[in-house]
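Visitor: Dropping in final.csv, with CSV, C-alpha atoms and all ligand atoms.
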```csv
chain,number,residue,atom,x,y,z
A,1,MET,CA,0.0,0.0,0.0
A,2,PRO,CA,1.7,3.2,-1.1
A,3,PHE,CA,-0.3,5.3,1.4
A,4,THR,CA,-0.5,4.7,5.1
A,5,THR,CA,-1.5,6.7,8.0
A,6,SER,CA,0.3,7.2,11.2
A,7,VAL,CA,-2.3,7.1,13.9
A,8,PRO,CA,-1.3,8.2,17.4
A,9,LEU,CA,-2.2,5.2,19.5
A,10,GLY,CA,-4.9,5.6,22.0
A,11,SER,CA,-6.1,8.9,20.7
A,12,CYS,CA,-9.5,7.6,21.7
A,13,GLU,CA,-10.8,4.5,23.2
A,14,ILE,CA,-13.4,3.2,20.7
A,15,SER,CA,-13.6,4.0,17.0
A,16,VAL,CA,-16.6,2.9,15.0
A,17,VAL,CA,-16.0,2.4,11.3
A,18,VAL,CA,-19.2,2.6,9.1
A,19,PRO,CA,-18.9,2.0,5.3
A,20,ALA,CA,-21.7,3.8,3.6
A,21,PHE,CA,-22.8,3.7,0.0
A,22,ASN,CA,-26.0,5.7,-0.8
A,23,GLU,CA,-27.1,5.5,2.9
A,24,GLY,CA,-28.2,9.2,3.2
A,25,ARG,CA,-31.4,8.2,4.8
A,26,ASN,CA,-29.8,6.0,7.4
A,27,ILE,CA,-26.8,8.1,8.7
A,28,GLU,CA,-28.8,10.1,11.2
A,29,SER,CA,-30.9,7.3,12.7
A,30,LEU,CA,-27.7,5.3,13.1
A,31,ALA,CA,-25.9,8.1,14.9
A,32,GLU,CA,-29.0,8.7,17.0
A,33,ARG,CA,-28.9,5.1,18.3
A,34,LEU,CA,-25.2,4.6,18.4
A,35,ILE,CA,-24.0,7.8,20.2
A,36,PRO,CA,-25.9,7.1,23.5
A,37,VAL,CA,-24.4,3.5,23.5
A,38,LEU,CA,-20.9,4.9,22.9
A,39,ASP,CA,-21.3,7.6,25.6
A,40,GLU,CA,-22.3,4.8,28.0
A,41,VAL,CA,-19.5,2.3,27.3
A,42,ALA,CA,-16.5,4.4,26.3
A,43,THR,CA,-14.5,7.1,27.9
A,44,SER,CA,-13.8,8.6,24.5
A,45,TRP,CA,-14.9,7.6,21.1
A,46,GLU,CA,-15.2,8.6,17.4
A,47,ILE,CA,-17.3,7.5,14.5
A,48,VAL,CA,-15.6,7.3,11.1
A,49,PHE,CA,-18.1,7.1,8.2
A,50,VAL,CA,-16.5,6.1,4.9
A,51,ASP,CA,-18.6,7.4,2.1
A,52,ASP,CA,-17.9,4.9,-0.7
A,53,GLY,CA,-18.6,7.2,-3.6
A,54,SER,CA,-22.3,7.7,-2.8
A,55,ARG,CA,-24.5,9.5,-5.3
A,56,ASP,CA,-27.0,10.7,-2.8
A,57,ASP,CA,-26.7,13.0,0.2
A,58,THR,CA,-24.7,10.7,2.4
A,59,LEU,CA,-21.6,13.0,2.5
A,60,ALA,CA,-23.8,16.1,3.2
A,61,ARG,CA,-25.4,14.2,6.1
A,62,ILE,CA,-22.0,13.2,7.5
A,63,ARG,CA,-20.8,16.8,7.2
A,64,ALA,CA,-23.8,18.1,9.1
A,65,LEU,CA,-23.4,15.5,11.8
A,66,SER,CA,-19.7,16.2,12.1
A,67,ALA,CA,-20.4,20.0,12.4
A,68,ARG,CA,-22.7,19.2,15.4
A,69,ASP,CA,-20.4,16.6,17.0
A,70,ARG,CA,-16.7,16.8,16.4
A,71,ARG,CA,-16.3,13.1,17.3
A,72,VAL,CA,-18.1,12.2,14.0
A,73,ARG,CA,-15.7,12.2,11.1
A,74,GLY,CA,-16.0,11.1,7.5
A,75,LEU,CA,-13.9,10.1,4.5
A,76,ALA,CA,-15.3,10.3,1.0
A,77,PHE,CA,-13.9,8.2,-1.8
A,78,SER,CA,-13.5,9.6,-5.3
A,79,ARG,CA,-15.7,6.8,-6.5
A,80,ASN,CA,-17.3,3.5,-5.4
A,81,PHE,CA,-14.5,1.2,-4.4
A,82,GLY,CA,-16.6,-1.5,-2.6
A,83,LYS,CA,-17.4,-2.2,1.0
A,84,GLU,CA,-14.3,-4.2,1.7
A,85,ILE,CA,-12.0,-1.3,0.6
A,86,ALA,CA,-14.2,1.2,2.5
A,87,ILE,CA,-13.6,-0.9,5.7
A,88,ALA,CA,-9.9,-0.9,5.0
A,89,ALA,CA,-9.9,2.9,4.7
A,90,GLY,CA,-11.8,3.2,7.9
A,91,LEU,CA,-9.3,1.0,9.7
A,92,ASP,CA,-6.5,3.2,8.3
A,93,HIS,CA,-8.1,6.3,9.7
A,94,ALA,CA,-9.4,5.1,13.0
A,95,GLY,CA,-7.4,6.1,16.1
A,96,GLY,CA,-9.2,4.0,18.7
A,97,ARG,CA,-7.6,1.3,21.0
A,98,ALA,CA,-10.5,-0.8,19.7
A,99,VAL,CA,-12.4,-0.5,16.4
A,100,VAL,CA,-15.9,-1.6,15.8
A,101,ILE,CA,-17.1,-2.2,12.2
A,102,MET,CA,-20.8,-2.0,11.4
A,103,ASP,CA,-23.1,-1.4,8.5
A,104,ALA,CA,-24.9,1.9,8.0
A,105,ASP,CA,-28.3,0.4,7.4
A,106,LEU,CA,-29.1,-0.5,11.0
A,107,GLN,CA,-29.0,-4.2,10.3
A,108,HIS,CA,-26.3,-4.4,12.9
A,109,PRO,CA,-28.1,-3.2,16.1
A,110,PRO,CA,-25.9,-0.5,17.8
A,111,GLU,CA,-26.9,-1.8,21.2
A,112,VAL,CA,-24.9,-4.9,20.6
A,113,VAL,CA,-21.7,-2.8,20.7
A,114,ARG,CA,-22.3,-2.7,24.5
A,115,ASP,CA,-21.7,-6.5,24.6
A,116,PHE,CA,-18.7,-6.2,22.2
A,117,VAL,CA,-17.0,-3.7,24.4
A,118,ALA,CA,-17.7,-5.8,27.5
A,119,ARG,CA,-16.1,-8.8,26.0
A,120,TRP,CA,-13.1,-6.7,24.8
A,121,ARG,CA,-12.6,-5.5,28.3
A,122,ASP,CA,-12.6,-9.2,29.4
A,123,GLY,CA,-9.5,-9.5,27.3
A,124,HIS,CA,-10.7,-10.7,23.9
A,125,MET,CA,-8.8,-9.2,21.0
A,126,VAL,CA,-11.6,-9.9,18.5
A,127,VAL,CA,-15.3,-9.9,19.3
A,128,TYR,CA,-17.5,-10.9,16.3
A,129,GLY,CA,-21.2,-10.7,15.9
A,130,VAL,CA,-22.9,-14.0,15.0
A,131,ARG,CA,-26.1,-13.7,13.1
A,132,ASN,CA,-29.0,-15.6,14.6
A,133,ASP,CA,-30.6,-16.0,11.2
A,134,ARG,CA,-30.6,-14.5,7.8
A,135,GLY,CA,-34.4,-14.2,7.7
A,136,SER,CA,-34.1,-10.8,6.0
A,137,ASP,CA,-32.4,-12.3,3.0
A,138,GLY,CA,-34.2,-14.1,0.2
A,139,VAL,CA,-34.3,-17.9,0.1
A,140,LEU,CA,-32.1,-18.1,-3.0
A,141,ARG,CA,-29.5,-15.8,-1.5
A,142,ARG,CA,-29.5,-17.8,1.8
A,143,LYS,CA,-29.1,-21.1,0.0
A,144,LEU,CA,-26.3,-19.7,-2.2
A,145,THR,CA,-24.5,-18.2,0.8
A,146,GLU,CA,-24.7,-21.6,2.6
A,147,SER,CA,-23.3,-23.5,-0.3
A,148,PHE,CA,-20.5,-20.9,-0.7
A,149,TYR,CA,-19.4,-21.4,2.9
A,150,ARG,CA,-19.5,-25.1,2.4
A,151,LEU,CA,-17.3,-24.8,-0.7
A,152,PHE,CA,-15.0,-22.4,1.1
A,153,ALA,CA,-14.6,-24.8,3.9
A,154,ALA,CA,-13.8,-27.6,1.5
A,155,ALA,CA,-11.4,-25.7,-0.7
A,156,GLY,CA,-9.8,-23.3,1.8
A,157,GLU,CA,-7.0,-23.6,4.2
A,158,THR,CA,-8.7,-20.9,6.5
A,159,PRO,CA,-11.7,-22.1,8.5
A,160,LEU,CA,-14.4,-19.4,9.0
A,161,PRO,CA,-16.5,-19.2,12.1
A,162,PRO,CA,-20.1,-19.9,10.8
A,163,GLY,CA,-22.5,-16.9,10.9
A,164,ALA,CA,-19.8,-14.3,11.5
A,165,GLY,CA,-19.6,-11.3,9.2
A,166,ASP,CA,-18.2,-7.8,9.2
A,167,PHE,CA,-20.0,-6.7,12.4
A,168,ARG,CA,-17.2,-6.9,14.9
A,169,LEU,CA,-14.8,-5.3,17.3
A,170,LEU,CA,-11.1,-5.5,16.7
A,171,ASP,CA,-8.4,-4.6,19.2
A,172,ARG,CA,-5.7,-2.2,18.0
A,173,LYS,CA,-3.4,-5.2,17.6
A,174,ALA,CA,-5.8,-6.9,15.3
A,175,VAL,CA,-6.4,-3.7,13.4
A,176,ASP,CA,-2.7,-3.2,12.8
A,177,ALA,CA,-2.4,-6.9,11.6
A,178,LEU,CA,-5.3,-6.3,9.1
A,179,ARG,CA,-3.7,-3.0,7.9
A,180,SER,CA,-0.5,-4.8,7.2
A,181,MET,CA,-2.3,-6.8,4.5
A,182,GLY,CA,-2.4,-4.6,1.5
A,183,GLU,CA,-4.1,-7.0,-0.9
A,184,ARG,CA,-6.6,-5.7,-3.4
A,185,ALA,CA,-9.0,-8.6,-3.7
A,186,ARG,CA,-10.1,-8.2,-0.1
A,187,PHE,CA,-12.2,-10.9,1.4
A,188,SER,CA,-12.5,-9.5,4.9
A,189,LYS,CA,-14.1,-12.6,6.5
A,190,GLY,CA,-11.0,-14.6,5.4
A,191,LEU,CA,-8.6,-12.0,6.6
A,192,TYR,CA,-10.2,-11.7,10.0
A,193,ALA,CA,-9.9,-15.5,10.4
A,194,TRP,CA,-6.4,-15.5,9.0
A,195,ILE,CA,-4.9,-13.1,11.6
A,196,GLY,CA,-6.0,-15.2,14.5
A,197,PHE,CA,-6.0,-13.6,18.0
A,198,ARG,CA,-8.2,-14.6,21.0
A,199,SER,CA,-11.7,-14.3,19.6
A,200,VAL,CA,-15.2,-14.7,20.8
A,201,GLY,CA,-18.7,-14.6,19.1
A,202,VAL,CA,-21.6,-12.6,20.4
A,203,PRO,CA,-25.0,-13.6,18.9
A,204,PHE,CA,-27.3,-10.9,17.6
A,205,ASP,CA,-30.5,-10.7,15.6
A,206,VAL,CA,-30.1,-9.2,12.1
A,207,ALA,CA,-32.6,-6.4,11.7
A,208,GLU,CA,-34.4,-5.5,8.5
A,209,ARG,CA,-32.5,-2.8,6.5
A,210,ALA,CA,-33.9,0.5,7.7
A,211,GLU,CA,-34.0,2.5,4.5
A,212,GLY,CA,-33.0,1.9,0.9
A,213,VAL,CA,-32.0,-1.4,-0.7
A,214,SER,CA,-29.1,-3.9,-0.5
A,215,LYS,CA,-26.1,-2.9,-2.6
A,216,PHE,CA,-25.2,-6.5,-3.1
A,217,THR,CA,-26.6,-7.7,-6.4
A,218,PHE,CA,-26.2,-11.4,-7.2
A,219,ARG,CA,-23.5,-10.5,-9.7
A,220,ARG,CA,-21.6,-8.6,-7.0
A,221,LEU,CA,-22.0,-11.4,-4.5
A,222,PHE,CA,-20.8,-13.9,-7.1
A,223,SER,CA,-17.6,-12.0,-7.8
A,224,PHE,CA,-17.1,-11.5,-4.0
A,225,ALA,CA,-17.4,-15.3,-3.5
A,226,PHE,CA,-14.9,-15.8,-6.3
A,227,ASP,CA,-12.5,-13.4,-4.7
A,228,GLY,CA,-12.9,-15.3,-1.4
A,229,ILE,CA,-12.1,-18.7,-2.9
A,230,THR,CA,-9.2,-17.5,-5.0
A,231,SER,CA,-7.6,-15.4,-2.3
A,232,PHE,CA,-7.7,-18.2,0.3
A,233,SER,CA,-7.3,-21.4,-1.7
A,234,THR,CA,-5.2,-22.8,-4.5
A,235,ALA,CA,-7.5,-25.8,-4.8
A,236,PRO,CA,-9.0,-24.5,-8.2
A,237,LEU,CA,-5.5,-24.6,-9.6
A,238,ARG,CA,-4.5,-27.9,-8.2
A,239,ILE,CA,-7.7,-29.7,-9.0
A,240,TRP,CA,-6.7,-29.9,-12.6
A,241,THR,CA,-3.7,-32.1,-11.8
A,242,TRP,CA,-6.2,-34.6,-10.4
A,243,ILE,CA,-8.6,-34.3,-13.3
A,244,GLY,CA,-5.7,-34.6,-15.7
A,245,ALA,CA,-4.4,-37.7,-13.9
A,246,VAL,CA,-7.8,-39.4,-13.9
A,247,ILE,CA,-8.4,-38.7,-17.6
A,248,SER,CA,-4.9,-40.0,-18.5
A,249,VAL,CA,-5.5,-43.2,-16.7
A,250,PHE,CA,-8.8,-43.6,-18.4
A,251,ALA,CA,-7.2,-42.9,-21.8
A,252,ILE,CA,-4.5,-45.5,-21.2
A,253,LEU,CA,-7.0,-48.1,-20.2
A,254,SER,CA,-9.2,-47.5,-23.2
A,255,ALA,CA,-6.1,-47.5,-25.5
A,256,ALA,CA,-5.3,-51.0,-24.0
A,257,PHE,CA,-8.9,-52.1,-24.5
A,258,PHE,CA,-9.0,-51.1,-28.2
A,259,LEU,CA,-5.5,-52.7,-28.8
A,260,VAL,CA,-6.7,-56.0,-27.4
A,261,ARG,CA,-10.0,-55.8,-29.2
A,262,THR,CA,-8.4,-55.1,-32.5
A,263,ALA,CA,-5.9,-57.9,-32.0
A,264,ILE,CA,-8.7,-60.4,-31.3
A,265,LEU,CA,-11.6,-59.2,-33.5
A,266,GLY,CA,-9.7,-57.3,-36.2
A,267,VAL,CA,-10.4,-53.8,-37.5
A,268,ASP,CA,-14.0,-52.6,-37.4
A,269,VAL,CA,-15.4,-49.3,-38.8
A,270,PRO,CA,-16.0,-46.9,-35.9
A,271,GLY,CA,-18.4,-44.0,-36.2
A,272,TYR,CA,-17.3,-40.4,-35.9
A,273,ALA,CA,-19.7,-39.6,-33.1
A,274,SER,CA,-17.5,-40.9,-30.2
A,275,LEU,CA,-14.5,-39.2,-31.8
A,276,ILE,CA,-16.1,-35.8,-32.0
A,277,VAL,CA,-17.6,-36.1,-28.5
A,278,SER,CA,-14.2,-36.9,-26.9
A,279,VAL,CA,-12.5,-34.1,-28.9
A,280,MET,CA,-15.0,-31.6,-27.7
A,281,PHE,CA,-14.9,-32.9,-24.1
A,282,PHE,CA,-11.2,-32.6,-23.9
A,283,SER,CA,-11.1,-29.1,-25.5
A,284,GLY,CA,-13.7,-28.0,-23.0
A,285,ILE,CA,-11.6,-29.2,-20.1
A,286,GLN,CA,-8.5,-27.5,-21.5
A,287,LEU,CA,-10.4,-24.2,-21.9
A,288,ILE,CA,-11.7,-24.4,-18.4
A,289,SER,CA,-8.3,-25.0,-16.9
A,290,LEU,CA,-6.9,-22.2,-19.0
A,291,GLY,CA,-9.7,-20.0,-17.6
A,292,VAL,CA,-8.8,-20.8,-14.0
A,293,LEU,CA,-5.1,-20.0,-14.7
A,294,GLY,CA,-6.3,-16.7,-16.3
A,295,GLU,CA,-8.3,-15.8,-13.1
A,296,TYR,CA,-5.3,-16.3,-10.9
A,297,ILE,CA,-2.9,-14.5,-13.3
A,298,GLY,CA,-5.4,-11.6,-13.5
A,299,ARG,CA,-5.3,-11.3,-9.7
A,300,ILE,CA,-1.6,-11.5,-9.7
A,301,PHE,CA,-1.5,-8.7,-12.3
A,302,ALA,CA,-3.9,-6.6,-10.2
A,303,GLU,CA,-1.7,-7.0,-7.1
A,304,VAL,CA,1.7,-6.3,-8.8
A,305,LYS,CA,0.5,-3.0,-10.1
A,306,ARG,CA,0.5,-1.9,-6.5
A,307,ARG,CA,-2.0,0.9,-7.0
A,308,PRO,CA,-3.3,2.5,-3.8
A,309,LEU,CA,-6.3,0.7,-2.4
A,310,TYR,CA,-8.5,3.8,-2.5
A,311,ILE,CA,-8.5,7.5,-3.3
A,312,VAL,CA,-9.8,9.9,-0.7
A,313,ASP,CA,-11.6,12.9,-2.3
A,314,GLU,CA,-12.5,14.6,0.9
A,315,SER,CA,-12.1,14.1,4.6
A,316,VAL,CA,-14.5,15.6,7.2
A,317,GLY,CA,-13.6,16.3,10.8
A,318,PHE,CA,-10.0,15.0,10.6
A,319,THR,CA,-8.2,18.3,10.2
A,320,GLU,CA,-9.9,20.6,12.7
A,321,ALA,CA,-9.0,18.1,15.4
A,322,ALA,CA,-10.5,18.3,18.9
A,323,PRO,CA,-7.6,19.3,21.1
A,324,GLU,CA,-7.4,15.9,22.9
A,325,ILE,CA,-7.3,14.0,19.7
A,326,ALA,CA,-4.4,14.2,17.4
A,327,ARG,CA,-5.4,13.3,13.9
A,328,PRO,CA,-3.9,10.9,11.4
A,329,VAL,CA,-1.5,12.4,8.8
A,330,LEU,CA,-1.2,11.0,5.3
A,331,VAL,CA,2.3,9.9,4.8
A,332,ARG,CA,3.9,8.1,1.9
A,333,ARG,CA,5.5,4.9,2.9
A,334,PRO,CA,9.1,4.7,1.6
A,335,ALA,CA,9.3,2.3,-1.4
B,401,LIG,N1,-21.5,-0.7,1.2
B,401,LIG,C1,-20.4,0.0,0.8
B,401,LIG,N2,-19.9,0.0,-0.5
B,401,LIG,C2,-20.6,-0.8,-1.4
B,401,LIG,C3,-21.7,-1.6,-1.0
B,401,LIG,C4,-22.1,-1.5,0.3
B,401,LIG,O1,-19.8,0.8,1.6
B,401,LIG,O2,-20.1,-0.8,-2.6
B,401,LIG,C5,-21.9,-0.6,2.6
B,401,LIG,C6,-23.4,-0.3,2.7
B,401,LIG,O3,-23.6,1.1,2.7
B,401,LIG,C7,-23.8,-0.9,4.0
B,401,LIG,C8,-22.9,-2.1,4.1
B,401,LIG,O4,-21.8,-1.9,3.1
B,401,LIG,O5,-23.4,0.0,5.1
B,401,LIG,C9,-23.6,-3.4,3.8
B,401,LIG,O6,-24.3,-3.2,2.5
B,401,LIG,P1,-25.7,-3.8,2.2
B,401,LIG,O7,-26.6,-3.5,3.4
B,401,LIG,O8,-26.1,-3.2,0.9
B,401,LIG,O9,-25.5,-5.3,2.1
B,401,LIG,P2,-26.3,-6.5,2.8
B,401,LIG,O10,-26.7,-6.1,4.1
B,401,LIG,O11,-27.4,-6.7,1.9
B,401,LIG,O12,-25.3,-7.7,2.8
B,402,MG,MG,-27.5,-4.4,4.8
```
Now that the file is in, can you turn its structure into structure tokens?
Ligand code: UDP
Ligand code: MG
Guide:
Amino acid sequence: MPFTTSVPLGSCEISVVVPAFNEGRNIESLAERLIPVLDEVATSWEIVFVDDGSRDDTLARIRALSARDRRVRGLAFSRNFGKEIAIAAGLDHAGGRAVVIMDADLQHPPEVVRDFVARWRDGHMVVYGVRNDRGSDGVLRRKLTESFYRLFAAAGETPLPPGAGDFRLLDRKAVDALRSMGERARFSKGLYAWIGFRSVGVPFDVAERAEGVSKFTFRRLFSFAFDGITSFSTAPLRIWTWIGAVISVFAILSAAFFLVRTAILGVDVPGYASLIVSVMFFSGIQLISLGVLGEYIGRIFAEVKRRPLYIVDESVGFTEAAPEIARPVLVRRPA
């Protein structure tokens, strides 16, 4: 990552990072419910909204909130970079000794943060919310999600705690560990599991989205799932060795069979159908395996370009710092 922020440690106790994409109608109701909880559980706190290139009034609402309460800050991306990257930016700019990540749409009840902080004070480095059900999602999405996690468990080297998502609290140590991972195809759930640390789950009920619609279309979820598998598993690459081996054995056996049959029964006149079918079958297999190679090479290409993860267009509330809170400075990490 070419850009990094030097955050003075302990500049506040709890930071809350909220990625927001076209969530103008939710920003205020979220703050209304979250702020009393934070006042109750933390000695000092901040809320960092990351406006992920919204086209509605999300940024204006953040500005207005920040003007009223200096502990509310915001970052606005130059375009939509995706939730995973918005979270990464939030972590880069959060100065808390613990950082809570939550959605802007009130599906993650702010009151649960109370339990998160309690478990953190008990000495847990990571406290993650465990969804009691996904009743608010459609049946198809639920089924697809389930099968993705089964596939991920089968293919991956990193086990994921079931039902855990982005709603969680991370100790500063875990935040720094996550920030040290500059990869582009960010599959946060995998990264959280990969860094380890003493973790505990807290069950919560997913609420209905307060306003607006889900930003995750099936196409987006599919590419997200693909990123997840390819960033945490090389099984799609290695599986072709096995398929190749099985097909080769089959080819040798059938060659032997035809040799013996020809020796005993002499030459017959075979049809073209079987020939054409097997040619098409094997070309298909070769194209698929080339495609899988292409996917991985594409990802390697994206990583080696070493572009910054995100571009900040505007930051709100970071420069005119409250006296007790020193603010992060953008610095360029030496190459
Ligand atoms: N989000 C984002 N960038 C995106 C898509 C979503 O920052 O490109 C945010 C969104 O504003 C919300 C959170 O990520 O705060 C979860 O998104 P959403 O509620 O649409 O997803 P779902 O709850 O359906 O999984
Ligand atoms: Mg949601």
Visitor: Could you give me, as a list of chain:residue names, every polymer residue with an atom at most 10 Å away from an atom of ligand MG 402 (chain B), counting all atoms listed in the file?
Guide: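 Checked against 10 Å with all atoms listed in the file; the hits are A:Met102, A:Asp103, A:Ala104, A:Asp105, A:Leu106, A:Gln107, A:His108, A:Ser136, A:Asp137, A:Val206, A:Ala207, A:Glu208, A:Arg209, A:Ala210, A:Glu211, A:Gly212, A:Val213, A:Ser214, A:Lys215, A:Phe216.
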Visitor: Would you write out those residues with C-alpha atoms, as an mmCIF file, keeping the file's coordinate frame?
Guide:
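File produced: part27.cif:
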```cif
data_model
loop_
_atom_site.group_PDB
_atom_site.id
_atom_site.type_symbol
_atom_site.label_atom_id
_atom_site.label_comp_id
_atom_site.auth_asym_id
_atom_site.auth_seq_id
_atom_site.Cartn_x
_atom_site.Cartn_y
_atom_site.Cartn_z
ATOM 1 C CA MET A 102 -20.800 -2.000 11.400
ATOM 2 C CA ASP A 103 -23.100 -1.400 8.500
ATOM 3 C CA ALA A 104 -24.900 1.900 8.000
ATOM 4 C CA ASP A 105 -28.300 0.400 7.400
ATOM 5 C CA LEU A 106 -29.100 -0.500 11.000
ATOM 6 C CA GLN A 107 -29.000 -4.200 10.300
ATOM 7 C CA HIS A 108 -26.300 -4.400 12.900
ATOM 8 C CA SER A 136 -34.100 -10.800 6.000
ATOM 9 C CA ASP A 137 -32.400 -12.300 3.000
ATOM 10 C CA VAL A 206 -30.100 -9.200 12.100
ATOM 11 C CA ALA A 207 -32.600 -6.400 11.700
ATOM 12 C CA GLU A 208 -34.400 -5.500 8.500
ATOM 13 C CA ARG A 209 -32.500 -2.800 6.500
ATOM 14 C CA ALA A 210 -33.900 0.500 7.700
ATOM 15 C CA GLU A 211 -34.000 2.500 4.500
ATOM 16 C CA GLY A 212 -33.000 1.900 0.900
ATOM 17 C CA VAL A 213 -32.000 -1.400 -0.700
ATOM 18 C CA SER A 214 -29.100 -3.900 -0.500
ATOM 19 C CA LYS A 215 -26.100 -2.900 -2.600
ATOM 20 C CA PHE A 216 -25.200 -6.500 -3.100
#
```
Visitor: Of the candidates A:Thr43, A:Thr217, A:Ser199, A:Ser66, which shows the shortest atom-to-atom distance to ligand LIG 401 (chain B), using only C-alpha atoms and all ligand atoms?
Guide: A:Thr217
Visitor: Between A:Phe81, A:Phe148, A:Tyr296, A:Trp120, which has the minimum distance to ligand LIG 401 (chain B) (counting only C-alpha atoms and all ligand atoms)?
Guide: A:Phe81
Visitor: Quick one: everything within 12 Å of Arg121 (chain A), counting all atoms listed in the file, minus sequence neighbours fewer than 6 positions away in the same chain. Send it as a list of chain:residue names.
Guide: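 Result of the neighbour search: A:Glu13, A:Ile14, A:Val41, A:Ala42, A:Arg97, A:Ala98, A:Arg114, A:Asp115, A:Val127, A:Leu169, A:Leu170, A:Asp171.
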Visitor: Between CA of Ser283 (chain A) and CA of Leu253 (chain A), what is the distance in Å, rounded to a tenth?
Guide: 20.1 Å
Visitor: Can you tell me, as a list in words, what residues are no more than 6 Å from Val48 (chain A) when counting only C-alpha atoms, ignoring any on the same chain fewer than 3 positions away?
Guide: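 Contacts, with the query itself left out: Val16, Val17, Arg73 and Gly74 of chain A.
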Visitor: Identify which of the residues A:Ile35, A:Ile247, A:Val50, A:Leu160 lies closest to ligand LIG 401 (chain B), counting all atoms listed in the file when measuring atom-to-atom distances.
Guide: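 Smallest separation from ligand LIG 401 (chain B) among the options: A:Val50.
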